[in-house]
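S.K.: Contents are PDB, C-alpha atoms; file name coords-v1.pdb:
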```pdb
ATOM      1  CA  MET F1188      77.776 176.607 111.375
ATOM      2  CA  ALA F1189      78.103 172.922 112.019
ATOM      3  CA  GLN F1190      80.833 171.153 110.103
ATOM      4  CA  VAL F1191      79.328 168.606 107.769
ATOM      5  CA  PRO F1192      80.956 165.177 107.751
ATOM      6  CA  HIS F1193      81.344 164.318 104.109
ATOM      7  CA  THR F1194      79.135 161.594 102.727
ATOM      8  CA  SER F1195      81.870 159.944 100.741
ATOM      9  CA  THR F1196      84.610 160.046 103.359
ATOM     10  CA  GLU F1197      84.356 156.299 103.798
ATOM     11  CA  HIS F1198      84.586 155.713 100.077
ATOM     12  CA  ALA F1199      87.434 158.159  99.767
ATOM     13  CA  ALA F1200      89.450 156.052 102.156
ATOM     14  CA  HIS F1201      89.142 153.173  99.680
ATOM     15  CA  ALA F1202      89.795 155.472  96.745
ATOM     16  CA  ARG F1203      93.217 156.313  98.090
ATOM     17  CA  HIS F1204      94.260 152.683  97.540
ATOM     18  CA  THR F1205      94.266 153.216  93.782
ATOM     19  CA  SER F1206      96.645 155.950  92.769
ATOM     20  CA  PRO F1207      95.039 158.441  90.340
ATOM     21  CA  VAL F1208      98.466 158.868  88.750
ATOM     22  CA  LEU F1209      98.589 155.130  88.032
ATOM     23  CA  VAL F1210      95.131 155.299  86.421
ATOM     24  CA  PHE F1211      96.316 158.267  84.326
ATOM     25  CA  VAL F1212      99.413 156.353  83.187
ATOM     26  CA  ILE F1213      97.271 153.335  82.211
ATOM     27  CA  LEU F1214      94.821 155.571  80.310
ATOM     28  CA  THR F1215      97.679 157.264  78.457
ATOM     29  CA  LEU F1216      99.275 153.907  77.573
ATOM     30  CA  PHE F1217      95.948 152.607  76.241
ATOM     31  CA  THR F1218      95.599 155.769  74.141
ATOM     32  CA  LEU F1219      99.087 155.287  72.696
ATOM     33  CA  ILE F1220      98.262 151.638  71.933
ATOM     34  CA  GLU F1221      95.055 152.730  70.165
ATOM     35  CA  VAL F1222      96.890 155.293  68.031
ATOM     36  CA  GLY F1223      99.650 152.745  67.324
ATOM     37  CA  ILE F1224      97.145 150.141  66.152
ATOM     38  CA  THR F1225      95.504 152.721  63.877
ATOM     39  CA  LEU F1226      98.842 153.751  62.355
ATOM     40  CA  LEU F1227      99.682 150.109  61.517
ATOM     41  CA  GLY F1228      97.275 150.466  58.600
ATOM     42  CA  LEU F1229      95.544 147.113  59.154
ATOM     43  CA  PRO F1230      92.089 146.511  57.654
ATOM     44  CA  LYS F1231      89.426 148.487  59.520
ATOM     45  CA  ALA F1232      87.253 145.423  60.043
ATOM     46  CA  SER F1233      89.946 143.700  62.091
ATOM     47  CA  ILE F1234      90.983 146.651  64.275
ATOM     48  CA  VAL F1235      87.604 148.263  65.034
ATOM     49  CA  PRO F1236      86.502 145.635  67.637
ATOM     50  CA  VAL F1237      89.901 145.909  69.369
ATOM     51  CA  LEU F1238      89.793 149.725  69.412
ATOM     52  CA  LEU F1239      86.230 149.748  70.752
ATOM     53  CA  ALA F1240      87.154 147.245  73.463
ATOM     54  CA  ILE F1241      90.101 149.420  74.544
ATOM     55  CA  ALA F1242      87.850 152.521  74.542
ATOM     56  CA  LEU F1243      85.309 150.760  76.757
ATOM     57  CA  VAL F1244      88.056 149.699  79.180
ATOM     58  CA  LYS F1245      89.327 153.303  79.291
ATOM     59  CA  ALA F1246      85.823 154.689  79.860
ATOM     60  CA  SER F1247      85.250 152.122  82.610
ATOM     61  CA  LEU F1248      88.513 153.113  84.306
ATOM     62  CA  VAL F1249      87.445 156.774  84.298
ATOM     63  CA  ALA F1250      84.011 155.890  85.702
ATOM     64  CA  MET F1251      85.297 153.464  88.338
ATOM     65  CA  TYR F1252      88.342 155.303  89.661
ATOM     66  CA  TYR F1253      87.996 158.988  88.733
ATOM     67  CA  MET F1254      84.216 159.182  89.209
ATOM     68  CA  HIS F1255      84.591 156.836  92.202
ATOM     69  CA  LEU F1256      81.782 154.527  91.097
ATOM     70  CA  ARG F1257      83.758 151.588  92.431
ATOM     71  CA  TYR F1258      83.553 152.992  95.946
ATOM     72  CA  GLU F1259      80.177 154.745  95.834
ATOM     73  CA  LYS F1260      76.741 153.399  96.619
ATOM     74  CA  ILE F1261      75.533 150.787  94.116
ATOM     75  CA  ILE F1262      72.547 152.984  93.245
ATOM     76  CA  PHE F1263      74.891 155.536  91.589
ATOM     77  CA  THR F1264      76.340 152.751  89.443
ATOM     78  CA  LEU F1265      72.859 151.596  88.445
ATOM     79  CA  ILE F1266      71.719 155.142  87.616
ATOM     80  CA  PHE F1267      74.677 155.555  85.279
ATOM     81  CA  VAL F1268      75.276 152.051  83.947
ATOM     82  CA  LEU F1269      71.733 151.139  82.844
ATOM     83  CA  PRO F1270      71.390 154.026  80.351
ATOM     84  CA  THR F1271      75.018 153.417  79.357
ATOM     85  CA  LEU F1272      74.222 149.803  78.424
ATOM     86  CA  PHE F1273      71.395 151.085  76.257
ATOM     87  CA  ALA F1274      73.717 153.637  74.649
ATOM     88  CA  VAL F1275      76.415 151.016  73.972
ATOM     89  CA  PHE F1276      73.757 148.712  72.482
ATOM     90  CA  LEU F1277      72.430 151.530  70.268
ATOM     91  CA  VAL F1278      75.849 152.553  68.941
ATOM     92  CA  THR F1279      76.987 148.932  68.477
ATOM     93  CA  VAL F1280      73.876 148.046  66.470
ATOM     94  CA  LEU F1281      74.318 151.162  64.322
ATOM     95  CA  MET F1282      77.999 150.403  63.725
ATOM     96  CA  ILE F1283      77.271 146.792  62.750
ATOM     97  CA  GLY F1284      74.401 147.945  60.543
TER      98      GLY F1284
ATOM     99  CA  MET D 197      74.083 170.621 126.532
ATOM    100  CA  ASN D 198      72.443 167.381 125.520
ATOM    101  CA  GLN D 199      69.821 169.217 123.475
ATOM    102  CA  THR D 200      72.546 171.145 121.660
ATOM    103  CA  ASN D 201      74.221 167.870 120.707
ATOM    104  CA  VAL D 202      70.951 166.456 119.393
ATOM    105  CA  HIS D 203      70.343 169.652 117.422
ATOM    106  CA  GLU D 204      73.870 169.566 115.973
ATOM    107  CA  ARG D 205      73.448 165.911 115.029
ATOM    108  CA  ARG D 206      70.187 166.677 113.242
ATOM    109  CA  LEU D 207      71.796 169.540 111.356
ATOM    110  CA  THR D 208      74.675 167.301 110.337
ATOM    111  CA  ARG D 209      72.339 164.533 109.170
ATOM    112  CA  ALA D 210      70.238 167.009 107.168
ATOM    113  CA  ALA D 211      73.362 168.382 105.518
ATOM    114  CA  GLU D 212      74.582 164.843 104.739
ATOM    115  CA  GLU D 213      71.251 163.987 103.152
ATOM    116  CA  GLY D 214      71.389 167.235 101.199
ATOM    117  CA  ASN D 215      74.825 166.335  99.831
ATOM    118  CA  LEU D 216      73.638 162.850  98.933
ATOM    119  CA  ASN D 217      70.573 164.236  97.141
ATOM    120  CA  ARG D 218      72.766 166.600  95.136
ATOM    121  CA  LYS D 219      74.811 163.613  94.036
ATOM    122  CA  TYR D 220      71.725 161.571  93.131
ATOM    123  CA  GLY D 221      70.428 164.462  91.069
ATOM    124  CA  PHE D 222      73.748 164.961  89.342
ATOM    125  CA  TRP D 223      74.144 161.283  88.440
ATOM    126  CA  ILE D 224      70.666 161.312  86.901
ATOM    127  CA  PHE D 225      71.634 164.450  84.961
ATOM    128  CA  LEU D 226      74.818 162.738  83.732
ATOM    129  CA  SER D 227      72.824 159.689  82.622
ATOM    130  CA  SER D 228      70.537 161.858  80.520
ATOM    131  CA  GLU D 229      73.576 163.650  79.104
ATOM    132  CA  PHE D 230      75.082 160.300  78.188
ATOM    133  CA  LEU D 231      71.949 159.388  76.255
ATOM    134  CA  ILE D 232      72.136 162.675  74.333
ATOM    135  CA  PHE D 233      75.741 161.905  73.411
ATOM    136  CA  ALA D 234      74.748 158.348  72.467
ATOM    137  CA  GLY D 235      72.173 159.791  70.058
ATOM    138  CA  LEU D 236      74.756 162.123  68.523
ATOM    139  CA  ILE D 237      77.366 159.358  68.223
ATOM    140  CA  GLY D 238      74.710 157.121  66.656
ATOM    141  CA  ALA D 239      73.769 159.875  64.198
ATOM    142  CA  PHE D 240      77.443 160.376  63.319
ATOM    143  CA  VAL D 241      77.974 156.646  62.758
ATOM    144  CA  MET D 242      74.854 156.423  60.567
ATOM    145  CA  THR D 243      75.812 159.499  58.545
ATOM    146  CA  ARG D 244      79.312 158.186  58.004
ATOM    147  CA  ALA D 245      77.948 154.814  56.915
ATOM    148  CA  SER D 246      75.526 156.394  54.446
ATOM    149  CA  VAL D 247      78.275 158.600  53.010
ATOM    150  CA  PHE D 248      80.491 155.526  52.634
ATOM    151  CA  ARG D 249      77.724 153.682  50.797
ATOM    152  CA  SER D 250      77.320 156.505  48.314
ATOM    153  CA  THR D 251      81.056 156.823  47.781
ATOM    154  CA  SER D 252      82.791 154.420  45.424
ATOM    155  CA  SER D 253      85.730 153.660  47.685
ATOM    156  CA  LEU D 254      85.440 153.786  51.433
ATOM    157  CA  GLU D 255      89.182 154.053  52.032
ATOM    158  CA  GLU D 256      89.472 156.772  49.414
ATOM    159  CA  PHE D 257      86.758 158.807  51.088
ATOM    160  CA  VAL D 258      88.363 158.563  54.534
ATOM    161  CA  GLN D 259      91.727 159.435  53.060
ATOM    162  CA  LYS D 260      90.297 162.482  51.292
ATOM    163  CA  TRP D 261      88.517 163.708  54.385
ATOM    164  CA  TRP D 262      91.522 163.428  56.629
ATOM    165  CA  GLU D 263      93.920 164.843  54.075
ATOM    166  CA  ALA D 264      92.161 168.115  54.852
ATOM    167  CA  ASN D 265      93.860 167.961  58.191
ATOM    168  CA  THR D 266      97.142 166.158  57.817
ATOM    169  CA  PHE D 267      98.198 166.338  61.438
ATOM    170  CA  SER D 268      94.658 165.819  62.702
ATOM    171  CA  LEU D 269      95.410 162.554  64.497
ATOM    172  CA  ALA D 270      98.472 163.990  66.229
ATOM    173  CA  LEU D 271      96.554 167.100  67.262
ATOM    174  CA  VAL D 272      93.578 165.126  68.548
ATOM    175  CA  SER D 273      95.857 162.659  70.362
ATOM    176  CA  ILE D 274      97.507 165.581  72.148
ATOM    177  CA  ASN D 275      94.061 166.937  73.004
ATOM    178  CA  THR D 276      93.123 163.525  74.405
ATOM    179  CA  PHE D 277      96.247 163.546  76.560
ATOM    180  CA  VAL D 278      95.372 167.088  77.732
ATOM    181  CA  LEU D 279      91.869 166.023  78.770
ATOM    182  CA  LEU D 280      93.131 162.884  80.543
ATOM    183  CA  ALA D 281      95.673 165.026  82.422
ATOM    184  CA  SER D 282      92.963 167.523  83.370
ATOM    185  CA  SER D 283      90.922 164.696  84.874
ATOM    186  CA  LEU D 284      93.929 163.714  86.966
ATOM    187  CA  PHE D 285      94.248 167.342  88.128
ATOM    188  CA  VAL D 286      90.592 167.369  89.214
ATOM    189  CA  VAL D 287      91.146 164.192  91.251
ATOM    190  CA  LEU D 288      94.168 165.856  92.877
ATOM    191  CA  ALA D 289      92.100 169.008  93.561
ATOM    192  CA  ILE D 290      89.394 166.984  95.313
ATOM    193  CA  ASP D 291      92.073 165.145  97.282
ATOM    194  CA  ALA D 292      93.576 168.511  98.311
ATOM    195  CA  ALA D 293      90.143 169.711  99.526
ATOM    196  CA  ARG D 294      89.757 166.469 101.495
ATOM    197  CA  ARG D 295      93.115 167.160 103.188
ATOM    198  CA  ASP D 296      92.291 170.842 103.884
ATOM    199  CA  ASP D 297      95.122 171.786 101.529
ATOM    200  CA  GLN D 298      93.761 175.107 100.255
ATOM    201  CA  ARG D 299      96.810 175.978  98.170
ATOM    202  CA  GLY D 300      96.781 172.569  96.534
ATOM    203  CA  LEU D 301      93.077 172.893  95.752
ATOM    204  CA  VAL D 302      93.569 176.276  94.092
ATOM    205  CA  ARG D 303      96.669 175.096  92.218
ATOM    206  CA  TRP D 304      95.042 171.958  90.758
ATOM    207  CA  LEU D 305      91.839 173.777  89.818
ATOM    208  CA  ALA D 306      93.921 176.430  88.021
ATOM    209  CA  ALA D 307      95.809 173.655  86.197
ATOM    210  CA  THR D 308      92.459 172.145  85.142
ATOM    211  CA  ILE D 309      91.352 175.496  83.685
ATOM    212  CA  VAL D 310      94.602 175.753  81.722
ATOM    213  CA  MET D 311      94.047 172.241  80.336
ATOM    214  CA  GLY D 312      90.459 173.087  79.390
ATOM    215  CA  VAL D 313      91.629 176.179  77.507
ATOM    216  CA  ILE D 314      94.381 174.196  75.732
ATOM    217  CA  PHE D 315      91.828 171.576  74.664
ATOM    218  CA  LEU D 316      89.482 174.240  73.291
ATOM    219  CA  GLY D 317      92.412 175.906  71.517
ATOM    220  CA  GLY D 318      93.339 172.594  69.878
ATOM    221  CA  GLN D 319      89.763 172.099  68.768
ATOM    222  CA  ALA D 320      89.675 175.626  67.342
ATOM    223  CA  VAL D 321      92.831 174.904  65.310
ATOM    224  CA  GLU D 322      91.308 171.658  64.028
ATOM    225  CA  TYR D 323      88.064 173.388  63.036
ATOM    226  CA  THR D 324      89.932 176.220  61.317
ATOM    227  CA  LEU D 325      91.866 173.746  59.195
ATOM    228  CA  LEU D 326      88.745 171.801  58.250
ATOM    229  CA  VAL D 327      86.783 174.932  57.385
ATOM    230  CA  SER D 328      89.678 176.265  55.304
ATOM    231  CA  GLU D 329      89.455 173.020  53.301
ATOM    232  CA  GLY D 330      85.761 173.638  52.626
ATOM    233  CA  HIS D 331      84.261 171.375  55.285
ATOM    234  CA  THR D 332      81.599 173.551  56.850
ATOM    235  CA  TYR D 333      78.620 172.912  59.065
ATOM    236  CA  PHE D 334      76.030 174.287  56.659
ATOM    237  CA  ASN D 335      77.351 172.643  53.501
ATOM    238  CA  ASN D 336      74.423 170.545  52.271
ATOM    239  CA  ALA D 337      76.736 168.361  50.216
ATOM    240  CA  ASP D 338      78.875 167.484  53.233
ATOM    241  CA  ALA D 339      76.624 165.698  55.715
ATOM    242  CA  PHE D 340      79.632 163.978  57.231
ATOM    243  CA  ALA D 341      81.120 167.343  58.233
ATOM    244  CA  SER D 342      77.792 168.439  59.747
ATOM    245  CA  ALA D 343      77.579 165.273  61.853
ATOM    246  CA  PHE D 344      81.232 165.660  62.855
ATOM    247  CA  PHE D 345      80.873 169.302  63.892
ATOM    248  CA  THR D 346      77.626 168.611  65.774
ATOM    249  CA  LEU D 347      79.128 165.801  67.845
ATOM    250  CA  THR D 348      82.552 167.293  68.555
ATOM    251  CA  GLY D 349      81.094 170.807  68.894
ATOM    252  CA  PHE D 350      78.580 169.642  71.493
ATOM    253  CA  HIS D 351      81.424 168.024  73.402
ATOM    254  CA  GLY D 352      83.521 171.181  73.044
ATOM    255  CA  LEU D 353      80.602 173.149  74.469
ATOM    256  CA  HIS D 354      80.708 170.875  77.521
ATOM    257  CA  VAL D 355      84.434 171.515  77.946
ATOM    258  CA  PHE D 356      83.751 175.257  77.654
ATOM    259  CA  VAL D 357      80.962 175.153  80.263
ATOM    260  CA  GLY D 358      83.101 172.908  82.491
ATOM    261  CA  THR D 359      85.962 175.404  82.283
ATOM    262  CA  LEU D 360      83.604 178.250  83.256
ATOM    263  CA  ILE D 361      82.295 176.216  86.221
ATOM    264  CA  CYS D 362      85.884 175.458  87.218
ATOM    265  CA  ILE D 363      86.660 179.198  87.202
ATOM    266  CA  GLY D 364      83.671 179.715  89.532
ATOM    267  CA  VAL D 365      84.780 176.900  91.848
ATOM    268  CA  LEU D 366      88.327 178.301  91.837
ATOM    269  CA  GLN D 367      87.065 181.773  92.811
ATOM    270  CA  ARG D 368      85.210 180.270  95.775
ATOM    271  CA  ALA D 369      88.168 178.051  96.683
ATOM    272  CA  ARG D 370      90.353 181.173  96.899
ATOM    273  CA  LYS D 371      87.952 182.452  99.556
ATOM    274  CA  ASN D 372      88.394 179.174 101.498
ATOM    275  CA  ALA D 373      84.818 178.086 100.779
ATOM    276  CA  TYR D 374      85.775 174.407 100.689
ATOM    277  CA  TRP D 375      87.374 172.308 103.400
ATOM    278  CA  SER D 376      87.533 168.676 104.501
ATOM    279  CA  GLY D 377      83.969 168.803 105.815
ATOM    280  CA  ASN D 378      82.483 170.631 102.850
ATOM    281  CA  PHE D 379      83.677 169.887  99.335
ATOM    282  CA  THR D 380      80.651 168.322  97.655
ATOM    283  CA  THR D 381      80.561 171.174  95.117
ATOM    284  CA  VAL D 382      84.134 170.386  94.086
ATOM    285  CA  GLU D 383      83.221 166.694  93.860
ATOM    286  CA  ILE D 384      80.173 167.414  91.707
ATOM    287  CA  PHE D 385      82.227 169.634  89.410
ATOM    288  CA  GLY D 386      84.696 166.724  89.273
ATOM    289  CA  LEU D 387      81.927 164.337  88.226
ATOM    290  CA  PHE D 388      80.996 166.662  85.366
ATOM    291  CA  TRP D 389      84.597 167.043  84.224
ATOM    292  CA  HIS D 390      85.300 163.294  84.376
ATOM    293  CA  PHE D 391      82.089 162.670  82.441
ATOM    294  CA  VAL D 392      83.298 165.031  79.714
ATOM    295  CA  ASP D 393      86.595 163.120  79.713
ATOM    296  CA  LEU D 394      84.780 159.754  79.555
ATOM    297  CA  VAL D 395      82.687 160.862  76.582
ATOM    298  CA  TRP D 396      85.814 162.143  74.806
ATOM    299  CA  VAL D 397      87.480 158.745  75.249
ATOM    300  CA  LEU D 398      84.589 157.236  73.250
ATOM    301  CA  ILE D 399      84.436 160.054  70.675
ATOM    302  CA  PHE D 400      88.194 159.842  70.104
ATOM    303  CA  THR D 401      87.984 156.158  69.241
ATOM    304  CA  ILE D 402      84.711 156.147  67.297
ATOM    305  CA  VAL D 403      85.228 159.365  65.321
ATOM    306  CA  TYR D 404      88.972 159.527  64.781
ATOM    307  CA  LEU D 405      90.245 155.945  64.944
ATOM    308  CA  THR D 406      87.557 153.647  63.569
TER     309      THR D 406
END
```
Rewrite the coordinates I just gave you, this time as structure tokens.

M.R.:
Amino acid sequence: MAQVPHTSTEHAAHARHTSPVLVFVILTLFTLIEVGITLLGLPKASIVPVLLAIALVKASLVAMYYMHLRYEKIIFTLIFVLPTLFAVFLVTVLMIG
Amino acid sequence: MNQTNVHERRLTRAAEEGNLNRKYGFWIFLSSEFLIFAGLIGAFVMTRASVFRSTSSLEEFVQKWWEANTFSLALVSINTFVLLASSLFVVLAIDAARRDDQRGLVRWLAATIVMGVIFLGGQAVEYTLLVSEGHTYFNNADAFASAFFTLTGFHGLHVFVGTLICIGVLQRARKNAYWSGNFTTVEIFGLFWHFVDLVWVLIFTIVYLT
């Protein structure tokens, strides 16, 4: 059986530049910041945009570095991001409403 | 000799295209999954808003609901940490496969399974507490609970399925089925697991913090 060169070997080489442990630490810190902000007991209206922004940054970090979208073909990003934009729009409109 | 090389090259290219097609297919699947979750999150947000409108005090309602589970936020925060850690373990498992480190691959996949089980255990504890306080799925007077259980339960189902897939991948990894030239299956499992993690990041903020 012929050994199959992996399709994402090239991307993986880039991926190694960003330590997954560092991404994990950043994600954990953001989570702690989110919980901290919530426990401050500030009015919901003032903290919700901040919390949502942090959540979107966290989700983007997972998609870019753990799911390797940053290093994959642009078509993968488009396949995932276009419906995501629609989803974010839908939920944002509902939350504002 | 030359013909053999050409044949080998064709086989390699076909396998590469096959791997790429599997990834295309899986990304499309994940996109559709994301839209399902978006619908459920939207339904949850709408239900919560309508319950708030019909309740005299918004803050009072939230307080009452969460009093049912006093350490809910701590429990869910721990669960979030568990899921984030499991995602890191999957990345390390894929990296081990890339380096032909069979023991590392098996070890990190096993760690991911443990994290999946811990997450599901935490969710079970949370559900038990809520149900014991009278918040049930089929309570017509508690639409908020129904929306909550539907959204978080659907996510929990994904963690459960992901854990089962991980067990399958681990079994194959123990038989040295994956190596540096063939680990697309591990990568695709990783995509699914990270997706579940990504969705939880959003659910955690929208459901529990806002």

S.K.: Rank nothing, just name the residue among F:Thr1271, F:Thr1205, F:Leu1265, F:Val1280 nearest to Ala1246 (chain F), using all atoms listed in the file.

M.R.: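 The answer is F:Thr1271, which sits nearest to Ala1246 (chain F).
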
S.K.: Which is closest to Val395 (chain D) among F:Ala1250, F:Leu1272, F:Thr1264, F:Tyr1258, if we use only C-alpha atoms?

M.R.: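 Ranked by minimum distance to Val395 (chain D), first place goes to F:Ala1250.
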
S.K.: Give me, as a ChimeraX atom specification, the contact residues of chain D against chain F at a cut-off of 8 Å, counting all atoms listed in the file.

M.R.: /D:204,207-208,211-212,215-216,220,223-224,226-228,230-231,234-235,237-238,241-242,273,277,280-281,283-284,287-288,376-380,386-387,390-391,393-395,397-398,401-402,405-406

S.K.: Would you give the centre and edge lengths, in Å to one decimal, of a box along x, y and z around the listed atoms of region 1208-1224 of chain F, with 8 Å added to each side, as JSON?

M.R.:
```
{"center_x": 97.2, "center_y": 154.5, "center_z": 77.5, "size_x": 20.8, "size_y": 24.7, "size_z": 38.6}
```

S.K.: Would you mind reading off the distance between CA of Gln298 (chain D) and CA of Asn372 (chain D), one decimal, in Å?

M.R.: 6.8 Å

S.K.: For a test of reading the model, state the distance in Å between CA of Ile274 (chain D) and CA of Val247 (chain D), rounded to one decimal.

M.R.: 28.0 Å
